[in-house]
Structures are given as C-alpha cells and as structure tokens.
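> Here you go, my_file35.txt (compact mmCIF, C-alpha atoms):
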```
# COMPACT_ATOMS: atom_id res chain seq x y z
CA MET A 1 -22.11 4.76 19.57
CA ALA A 2 -23.27 1.55 17.93
CA LEU A 3 -23.44 -1.33 20.36
CA VAL A 4 -22.31 -4.77 19.30
CA THR A 5 -24.77 -6.58 21.53
CA GLN A 6 -27.75 -4.50 20.45
CA ALA A 7 -26.94 -4.90 16.79
CA GLY A 8 -26.31 -8.59 17.20
CA ASN A 9 -23.20 -8.14 15.10
CA LYS A 10 -21.31 -11.31 15.85
CA LYS A 11 -18.92 -10.75 12.97
CA SER A 12 -17.73 -7.42 14.37
CA MET A 13 -17.25 -8.88 17.83
CA MET A 14 -15.24 -11.74 16.40
CA ARG A 15 -13.12 -9.25 14.48
CA ILE A 16 -12.42 -7.28 17.66
CA LEU A 17 -11.39 -10.50 19.36
CA PHE A 18 -9.08 -11.41 16.49
CA ILE A 19 -7.56 -7.94 16.56
CA LEU A 20 -6.82 -8.26 20.25
CA ILE A 21 -5.13 -11.61 19.81
CA GLY A 22 -2.81 -10.39 17.14
CA PHE A 23 -4.50 -9.64 13.87
CA THR A 24 -3.51 -6.00 14.07
CA LEU A 25 -0.88 -6.67 11.46
CA VAL A 26 -3.16 -6.74 8.42
CA PHE A 27 -1.69 -4.16 6.14
CA ILE A 28 -2.84 -1.12 4.18
CA SER A 29 -0.30 -0.72 1.37
CA CYS A 30 3.26 -1.46 0.30
CA LYS A 31 5.93 1.15 -0.24
CA PRO A 32 9.46 0.48 -1.49
CA THR A 33 12.32 1.41 0.80
CA LYS A 34 13.13 4.60 -1.08
CA LYS A 35 9.53 5.83 -0.76
CA ILE A 36 9.57 5.23 2.98
CA GLN A 37 12.78 7.22 3.30
CA THR A 38 11.39 10.06 1.17
CA ALA A 39 8.31 10.23 3.37
CA ILE A 40 10.54 10.52 6.43
CA ILE A 41 12.51 13.36 4.90
CA LYS A 42 9.39 15.33 3.95
CA LYS A 43 7.67 14.86 7.29
CA ASP A 44 10.49 15.50 9.73
CA THR A 45 13.78 17.29 9.99
CA SER A 46 16.15 14.35 9.85
CA THR A 47 19.19 12.76 8.35
CA VAL A 48 18.49 9.46 6.59
CA SER A 49 21.52 7.26 6.06
CA VAL A 50 21.96 4.00 4.23
CA VAL A 51 24.02 1.59 6.31
CA ASP A 52 27.68 1.53 5.33
CA HIS A 53 29.19 -1.45 7.11
CA ALA A 54 32.64 -0.05 6.48
CA LYS A 55 31.95 3.01 8.62
CA GLU A 56 32.32 2.69 12.35
CA ASP A 57 29.89 5.52 13.12
CA SER A 58 27.08 3.76 11.20
CA ILE A 59 27.70 0.49 12.98
CA ARG A 60 27.95 2.21 16.35
CA PHE A 61 24.67 4.11 15.85
CA ILE A 62 22.82 0.94 14.81
CA ASP A 63 24.29 -1.07 17.68
CA ASP A 64 23.40 1.63 20.23
CA THR A 65 19.84 1.95 18.92
CA TYR A 66 19.32 -1.79 18.71
CA HIS A 67 20.69 -2.14 22.25
CA ALA A 68 18.19 0.50 23.43
CA ILE A 69 15.36 -1.55 21.94
CA GLN A 70 16.59 -4.68 23.70
CA ALA A 71 17.15 -2.83 26.99
CA ASN A 72 13.48 -1.79 27.05
CA HIS A 73 12.19 -5.20 26.05
CA ILE A 74 9.46 -6.21 28.51
CA ASP A 75 10.21 -9.52 30.19
CA TYR A 76 7.64 -11.18 32.43
CA LYS A 77 6.23 -14.46 33.66
CA THR A 78 2.57 -13.46 33.75
CA PHE A 79 0.72 -10.37 32.52
CA SER A 80 -2.86 -9.22 33.08
CA ALA A 81 -4.75 -6.14 31.93
CA LYS A 82 -8.11 -4.45 31.55
CA ILE A 83 -8.28 -2.74 28.17
CA ASP A 84 -10.78 -0.20 26.89
CA VAL A 85 -11.12 -0.84 23.15
CA ASP A 86 -12.48 1.69 20.65
CA TYR A 87 -12.96 0.17 17.24
CA ILE A 88 -14.06 1.69 13.91
CA ASP A 89 -14.77 -0.81 11.17
CA ALA A 90 -14.59 -0.44 7.40
CA ASP A 91 -18.17 0.89 7.32
CA ASP A 92 -17.36 3.61 9.89
CA LYS A 93 -19.39 1.85 12.58
CA LYS A 94 -18.03 2.50 16.06
CA TYR A 95 -17.79 -0.01 18.87
CA ASN A 96 -16.53 0.14 22.42
CA VAL A 97 -15.81 -2.95 24.52
CA ASN A 98 -13.81 -3.89 27.58
CA ALA A 99 -11.27 -6.69 27.18
CA PHE A 100 -9.78 -8.56 30.11
CA LEU A 101 -6.44 -10.09 29.19
CA ARG A 102 -4.31 -12.67 30.99
CA MET A 103 -1.11 -14.22 29.69
CA TYR A 104 1.39 -16.80 30.84
CA LYS A 105 4.55 -16.31 28.85
CA ASP A 106 5.13 -18.91 26.11
CA SER A 107 2.09 -20.89 27.28
CA LEU A 108 -1.31 -19.16 27.33
CA ILE A 109 -3.34 -16.17 26.21
CA TRP A 110 -6.77 -15.74 27.83
CA ILE A 111 -9.13 -12.96 26.69
CA ASP A 112 -12.63 -12.13 27.93
CA ILE A 113 -14.58 -9.44 26.04
CA HIS A 114 -17.47 -7.55 27.64
CA ALA A 115 -19.77 -5.27 25.68
CA PHE A 116 -22.10 -2.47 26.87
CA LEU A 117 -23.24 -2.67 30.51
CA GLY A 118 -20.75 -5.45 31.17
CA ILE A 119 -22.51 -8.05 29.01
CA ASP A 120 -20.22 -11.06 28.65
CA ALA A 121 -19.73 -11.53 24.91
CA LEU A 122 -16.72 -13.61 23.91
CA LYS A 123 -13.93 -15.56 25.56
CA ALA A 124 -10.81 -17.06 24.00
CA LEU A 125 -8.03 -19.36 25.17
CA ILE A 126 -4.93 -19.68 23.02
CA THR A 127 -2.12 -22.14 23.63
CA LYS A 128 0.89 -23.19 21.59
CA ASP A 129 -1.26 -25.76 19.82
CA SER A 130 -4.85 -24.54 19.83
CA VAL A 131 -7.37 -21.69 19.64
CA LYS A 132 -10.63 -22.05 21.58
CA ILE A 133 -13.45 -19.51 21.46
CA LEU A 134 -16.72 -19.22 23.39
CA ASP A 135 -19.32 -17.05 21.66
CA LYS A 136 -21.54 -16.38 24.65
CA GLN A 137 -24.15 -14.39 22.75
CA ASN A 138 -24.86 -17.25 20.33
CA LYS A 139 -23.86 -20.12 22.66
CA LEU A 140 -21.24 -21.48 20.27
CA TYR A 141 -17.94 -23.18 21.00
CA THR A 142 -15.17 -23.15 18.39
CA ALA A 143 -11.95 -25.16 18.64
CA ARG A 144 -9.17 -24.99 16.08
CA SER A 145 -5.46 -25.71 15.80
CA ILE A 146 -2.98 -22.85 16.23
CA GLU A 147 -2.69 -22.73 12.44
CA TYR A 148 -6.15 -21.17 12.53
CA LEU A 149 -4.50 -17.86 13.46
CA GLN A 150 -2.44 -17.93 10.29
CA GLU A 151 -5.42 -18.98 8.19
CA VAL A 152 -7.52 -16.05 9.42
CA SER A 153 -4.81 -13.41 9.53
CA ARG A 154 -2.79 -14.71 6.58
CA LEU A 155 0.30 -13.85 8.60
CA PRO A 156 3.06 -15.94 10.23
CA VAL A 157 1.68 -15.45 13.73
CA ASP A 158 2.04 -17.84 16.63
CA LEU A 159 1.65 -17.64 20.40
CA PRO A 160 5.00 -15.91 21.15
CA ILE A 161 4.45 -13.25 18.47
CA LEU A 162 0.93 -12.53 19.74
CA GLN A 163 2.21 -12.16 23.28
CA GLU A 164 4.95 -9.77 22.19
CA LEU A 165 2.38 -7.69 20.36
CA LEU A 166 -0.06 -7.53 23.28
CA VAL A 167 2.54 -6.69 25.93
CA GLY A 168 4.00 -3.93 23.76
CA ASN A 169 7.29 -5.36 22.49
CA PRO A 170 8.48 -4.88 18.88
CA VAL A 171 7.46 -7.59 16.43
CA PHE A 172 9.03 -8.73 13.15
CA LEU A 173 12.20 -6.71 13.74
CA ASP A 174 14.93 -8.26 11.60
CA SER A 175 18.67 -7.90 12.18
CA ASN A 176 19.10 -6.86 8.52
CA ILE A 177 19.18 -3.09 9.08
CA VAL A 178 19.46 -1.29 5.73
CA SER A 179 19.03 2.36 6.76
CA TYR A 180 18.55 4.59 9.77
CA ALA A 181 17.31 8.09 10.48
CA LYS A 182 18.09 10.70 13.11
CA PHE A 183 15.26 13.10 13.94
CA ASP A 184 15.09 16.04 16.33
CA ASN A 185 13.49 13.93 19.07
CA SER A 186 13.56 10.38 17.76
CA VAL A 187 15.55 7.79 15.84
CA SER A 188 14.47 5.09 13.37
CA LEU A 189 15.81 1.83 12.01
CA LEU A 190 14.57 0.21 8.81
CA SER A 191 15.00 -3.55 8.63
CA ILE A 192 14.23 -5.87 5.73
CA GLY A 193 13.08 -9.35 6.67
CA LYS A 194 11.86 -12.26 4.59
CA ILE A 195 8.26 -11.07 4.77
CA PHE A 196 8.18 -7.48 6.04
CA LYS A 197 9.96 -4.17 5.89
CA ASN A 198 9.88 -2.83 9.43
CA LEU A 199 10.42 0.83 10.23
CA VAL A 200 10.85 1.08 14.02
CA THR A 201 10.93 4.54 15.60
CA LEU A 202 12.05 5.29 19.16
CA ASN A 203 11.21 8.51 20.99
CA GLY A 204 13.66 10.79 22.76
CA ASP A 205 13.75 8.42 25.74
CA LYS A 206 14.59 5.51 23.39
CA LEU A 207 11.16 3.95 23.97
CA LEU A 208 9.11 2.38 21.20
CA GLN A 209 7.06 5.08 19.49
CA ARG A 210 5.96 3.59 16.19
CA ILE A 211 6.10 0.42 14.11
CA LYS A 212 5.44 0.70 10.38
CA LEU A 213 5.23 -2.67 8.63
CA ASP A 214 5.08 -3.16 4.87
CA ASP A 215 4.79 -6.44 3.04
CA ILE A 216 7.78 -7.35 0.91
CA ASN A 217 5.31 -8.74 -1.63
CA GLU A 218 3.87 -5.59 -3.16
CA LEU A 219 1.01 -7.57 -4.68
CA ARG A 220 -0.45 -8.03 -1.20
CA ASN A 221 -1.35 -4.33 -0.80
CA ARG A 222 -1.20 -4.39 3.02
CA THR A 223 0.45 -2.35 5.74
CA GLY A 224 0.19 -1.81 9.47
CA ASP A 225 0.80 1.33 11.51
CA LEU A 226 1.11 0.92 15.29
CA THR A 227 1.84 3.84 17.64
CA TYR A 228 2.73 3.68 21.33
CA ASP A 229 2.10 6.54 23.77
CA ASP A 230 1.44 7.45 27.41
CA TYR A 231 4.35 5.53 28.93
CA GLU A 232 4.41 4.70 32.62
CA ASP A 233 7.24 3.22 34.66
CA LYS A 234 5.63 0.55 36.81
CA GLN A 235 7.51 -2.22 38.59
CA GLY A 236 10.61 -1.19 36.67
CA VAL A 237 8.86 -1.62 33.30
CA ASN A 238 8.27 1.16 30.80
CA PHE A 239 4.77 0.35 29.57
CA SER A 240 2.71 2.09 26.88
CA LYS A 241 -0.85 2.54 28.17
CA THR A 242 -2.30 4.02 24.97
CA ARG A 243 -1.89 2.51 21.52
CA LYS A 244 -3.40 3.32 18.16
CA ILE A 245 -3.50 0.93 15.24
CA THR A 246 -4.58 1.53 11.66
CA PHE A 247 -4.76 -1.47 9.41
CA ALA A 248 -6.44 -2.98 6.38
CA GLU A 249 -5.79 -4.83 3.22
CA ASN A 250 -8.72 -3.88 1.03
CA LYS A 251 -10.53 -1.85 3.69
CA LYS A 252 -9.29 0.44 6.41
CA LEU A 253 -9.94 -0.23 10.10
CA ASP A 254 -8.93 1.77 13.17
CA LEU A 255 -8.34 0.61 16.72
CA ARG A 256 -7.48 2.37 19.95
CA LEU A 257 -6.38 0.47 23.06
CA GLU A 258 -6.28 2.12 26.47
CA PHE A 259 -4.86 -0.03 29.26
CA LYS A 260 -6.93 0.96 32.29
CA GLN A 261 -5.22 -1.55 34.58
CA TYR A 262 -2.28 -3.89 34.16
CA ASN A 263 -0.02 -6.01 36.28
CA PHE A 264 3.06 -8.19 35.89
CA ASN A 265 3.99 -11.49 37.51
CA ALA A 266 0.92 -11.98 39.69
CA ASP A 267 -0.57 -15.42 40.27
CA LEU A 268 -3.28 -15.91 37.64
CA THR A 269 -5.98 -18.39 36.77
CA PHE A 270 -7.30 -19.02 33.26
CA PRO A 271 -10.91 -20.24 33.66
CA PHE A 272 -12.37 -21.70 30.47
CA SER A 273 -15.23 -24.18 30.70
CA ILE A 274 -17.70 -25.16 27.96
CA PRO A 275 -21.36 -25.01 29.08
CA LYS A 276 -23.40 -28.09 28.24
CA ASN A 277 -25.96 -26.10 26.24
CA TYR A 278 -23.34 -24.72 23.82
CA LYS A 279 -23.22 -25.96 20.24
CA THR A 280 -19.90 -26.83 18.62
CA ASN A 281 -18.99 -24.78 15.61
```
Turn this file's structure into structure tokens for me.

Amino acid sequence: MALVTQAGNKKSMMRILFILIGFTLVFISCKPTKKIQTAIIKKDTSTVSVVDHAKEDSIRFIDDTYHAIQANHIDYKTFSAKIDVDYIDADDKKYNVNAFLRMYKDSLIWIDIHAFLGIDALKALITKDSVKILDKQNKLYTARSIEYLQEVSRLPVDLPILQELLVGNPVFLDSNIVSYAKFDNSVSLLSIGKIFKNLVTLNGDKLLQRIKLDDINELRNRTGDLTYDDYEDKQGVNFSKTRKITFAENKKLDLRLEFKQYNFNADLTFPFSIPKNYKTN
C-alpha cells in the first residue's frame, strides 16, 4: 500500500480531499438515453417503460417511487463521521486515509484527513461563501471563494449539494422523469435535467442503491457511478455505511468509503486556526 505521507504526494492528498468534499461527480462517459435503457435490459430481467403521462399506472408508479425517495431523505441539523477511505488513482497507486467529517446543515463542512499512523495531513472548512484548506505537511494555507469548487470540479456544486452527497442523499435528481424500469428486486427512474441524465435505482426496500450520472453534453466525456450498500437503521435513519464511486473524465479513478462511526444532531465544534508559521498559497 503506497502511503501518501511517505511519498510526499501532496497532489494525491489534495485530490482525496476534493473527492470527499464533493468532486466524486467527475464523469467517465456519456450515453444517450436509449443506450442506458438497452444496458438495463441486457443486464437485468426488467421492464423498461417510457413515461406516458396519459396513463394512470405510469404516473402512479413514478409518484410512488419518487415518494419513496423523499421518504428516505436524510434530514439532520448536524452530522459527524469517521470514514475509512480507500483510493486508487489513475496510475493504479493505492492510498488509505482516515477522514473525520463534521457538518452543520446549510452552513459548514469541516474535514480533517489523517494518513498512515494518524499523521495529520489536511484540513478543510467550507462555508456558503468560502473554501479554506490547511496543508499540514507543507505548512500552507489556501483560501478561496466558494466558486473555487466549481472551478476545480467543473460542476455546479455548492455547499448544499456537497452536504447531500456526503450524507448519502440523491443529488441532481430532476423532476423530468422520462422512463422507469421494474427489476426483480429494484426499481429505477431516469430523469433528464439541464446538465445531467440521472438514473436512480432503489433496492427492494426502496433505499438508494445506485446513482448513474451522465453529462447531457456528450462532448464532455464524463460520467459518475455511485453505489450505496450496508444500510443500518440508526436513530430512525436508514444510512449507507459503505459506498463505492468510480469516476473520471480522461482517466479513471476509484474510491471506497466505509463509515466506521457516524452520528446525527450532536453538539459539534469546528476548530480551524491558521498557525503563524504557515505560508499563504
């Protein structure tokens, strides 16, 4: 296992940090709607139907499925977690870090990343207006506006979207549902938004199982595949403790998140101080 701290690979550590704060939606490839539906048919025993708004059964199925998504939406005031992160970069180098996450809904995201043997590596504080990063290995402080997230990810991400992604709620799900599929043990809805096609799949318990995002602009050659597993009912919340993400635009990257600990609505602090010996980047 390659170690970020031993290799001195600041770039990889920064990439892990960016992934954790929402850059998981950098996409592999684009597929037209018909190709997505064909792939579903070949892979699973299912019935794929284009939405006919004149048919009550189509509308009822979509409404019921959409209601199931909303019913399992995770609402909270604060959220904290310890996450074991396995990361394989485009050069097949493997990294493992621990990330400590704290969030205050609609206000703050705080992330502290520790590498091998608990070495403190990076810390970030994200608000509605700003992104602040402490690179503790190189003693650098970076401060940018919230637009920095969009500049780096080239996606319409903001604080609320990042929080939805990290807590495990669906993202970029549009109300324009164009088709749906019934599988043996799951159901899917395909929505077409202004930027993404979003294929959302729910398991037999109507919990989020997979999000497949494709860019509407086929020239972008990007896609994201997020899977959700190992659900636990804690404090009345169905929470996915294991998630796998494959993403890339020109290169493929893989990420696995295992939530070792997590808690909702506890009193939290968000310590973030800049040491005097740090340089400003």
> Using Å and a single decimal, report how far atom CA of Asp64 of chain A sits from atom CA of Ser191 of chain A.
15.2 Å
> Quick one: of A:Asp225, A:Asp57, A:Asp84, A:Asp75, who's nearest to Leu253 of chain A, counting all atoms listed in the file?
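Residue with the minimum atom-to-atom distance to Leu253 of chain A: A:Asp225.
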> Find the residues with any atom within 10 Å of (18.1, 0.7, 23.2); use all atoms listed in the file and the coordinates as given in the file, and write the answer as a VMD selection string.
chain A and resid 62 to 73 202 205 to 208
> Nearest to Ile74 of chain A: which of A:Phe100, A:Phe247, A:Tyr148, A:Phe264 is it, counting all atoms listed in the file?
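Residue with the minimum atom-to-atom distance to Ile74 of chain A: A:Phe264.
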> Quick one: everything within 10 Å of Ile177 of chain A, counting only C-alpha atoms, minus sequence neighbours fewer than 6 positions away in the same chain. Send it as a ChimeraX atom specification.
/A:50-51,62,66,189-193,197-199
> Report, in Å with one decimal, the straight-line distance from atom CA of Thr227 of chain A to atom CA of Val171 of chain A.
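It comes out at 12.8 Å.
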> A:Ala181, A:Ile195, A:Gly168, A:Lys105: which is nearest Phe239 of chain A, counting only C-alpha atoms?
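Nearest candidate to Phe239 of chain A out of A:Ala181, A:Ile195, A:Gly168, A:Lys105: A:Gly168.
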> Please measure the separation of atom CA of Thr269 of chain A and atom CA of Asp106 of chain A, giving the value in Å to one decimal.
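Separation of atom CA of Thr269 of chain A and atom CA of Asp106 of chain A: 15.4 Å.
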> With all atoms listed in the file as the counted atoms, please give the residues lying no more than 8 Å from Ile83 of chain A, apart from itself and same-chain residues fewer than 2 positions off, as number ranges by chain.
A: 81, 85, 98-101, 257-261
> Could you check the closest approach to Gln209 of chain A for each of A:Thr223, A:Ser130, A:Ser58, A:Asn169 and tell me which residue wins, using all atoms listed in the file?
A:Asn169
> Counting only C-alpha atoms, what is within 8 Å of Ile126 of chain A, bar same-chain residues fewer than 3 positions away, as a PyMOL selection string?
chain A and resi 108-110+129-132+146+159
> Neighbours of Leu140 of chain A within 7 Å (only C-alpha atoms; same-chain residues fewer than 4 positions away dropped), as a list in words?
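With the cut-off at 7 Å, the set is Leu134, Asp135, Lys136, Tyr278, Lys279, Thr280 and Asn281 of chain A.
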> Measuring between only C-alpha atoms, which one of A:Asn217, A:Thr142, A:Ser188, A:Asn238 shows the shortest distance to Ile274 of chain A?
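Closest to Ile274 of chain A, using only C-alpha atoms: A:Thr142.
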> As a PyMOL selection string, please: the residues near Thr78 of chain A (cut-off 9 Å, all atoms listed in the file, same-chain neighbours under 5 positions excluded).
chain A and resi 102-105+263-268
